[in-house]
Each structure stands twice: as C-alpha cells, then as structure tokens.
Amino acid sequence: MQTRVLTIINEEGLHLRPAQVLANAAGQFTADIYVEVVGGGEANAKSVLGIIALGLEKGAEVKLSADGEDEEQAVAKLAELFEQGFGEQ
C-alpha cells in the first residue's frame with residue numbers, strides 16, 4: 001500500500017470540477033484508491049460524489065492511499081494533481 005498526505009490548495013476547495021478530474025484520473029488505475037480527511041471521513045477516489053461529500057476546503061489535509069498492482073504510479077500521478085491544484089492554479 002502506498003500513501004501520501006497532501007494539502008488542498010484550491011481556493012474553492014475540491015468542488016465539482018477538481019473532484020471530477022481526480023475521479024477520472026483515479027479511474028485510469030486498477031488499484032483501490034481512497035482519499036481520507038486527516039481526522040475525518042474517507043471516500044473512494046473514483047467516486048465524484050464521494051469526494052464532494054468529504055467537503056474538502058482549502059487547507060484541508062488528506063491522506064491519499066492506493067492498494068493494488070499500480071499503486072505506486074497511482075499515488076504519484078494523483079499527488080501531482082493535488083500539488084498542481086487540479087489545473088486551477
């Protein structure tokens with residue numbers, strides 16, 4: 001299992017557009033991928049509604065985890081999206 005703690009940098013948090021970018025990117029991998037609010041809930045990273053339900057605002061810390069054949073590549077690619085603000089920065 002690969003994990004990484006990341007911070008939401010998007011001004012509006014993870015609203016619909018970045019949540020969809022995350023879910024679409026996560027869907028390209030076979031690994032089980034989850035986004036967990038540090039000290040809070042967890043959602044399947046392949047589910048737009050699950051991600052939005054977490055209510056992730058700017059500054060929130062999340063733990064991204066992947067377990068499966070391509071877990072390393074999944075965490076690296078998705079962490080890059082978080083760090084780039086999902087193209088909104």
# chains A, B, ... in the order shown; residues from 1 in each chain; ligands from 1
>>> select_by_dssp(residues="chain A", states="strand (DSSP E or B)", output="list in words")
Gln2, Thr3, Arg4, Val5, Leu6, Thr7, Asp32, Ile33, Tyr34, Val35, Glu36, Val37, Glu42, Ala43, Asn44, Glu61, Val62, Lys63, Leu64, Ser65, Ala66 and Asp67 of chain A
>>> residues_around(residues="A:Leu56", least_positions_apart="3", cutoff="12 Å", atoms="only C-alpha atoms", output="ChimeraX atom specification")
/A:6-16,18-19,35-38,40-43,50-53,59-63
>>> closest_residue(among="A:Leu81, A:Lys58, A:Arg4, A:Glu69", to="A:Gln20", atoms="only C-alpha atoms")
A:Leu81
>>> select_by_dssp(residues="chain A", states="helix (DSSP H, G or I)", output="ChimeraX atom specification")
/A:16-26,48-53,71-83,85-87
>>> closest_residue(among="A:Gln84, A:Ala26, A:Ala31, A:Val21", to="A:Glu72", atoms="only C-alpha atoms")
A:Ala31
>>> atom_distance(atom1="atom CA of A:Arg17", atom2="atom CA of A:Asp32")
21.6 Å
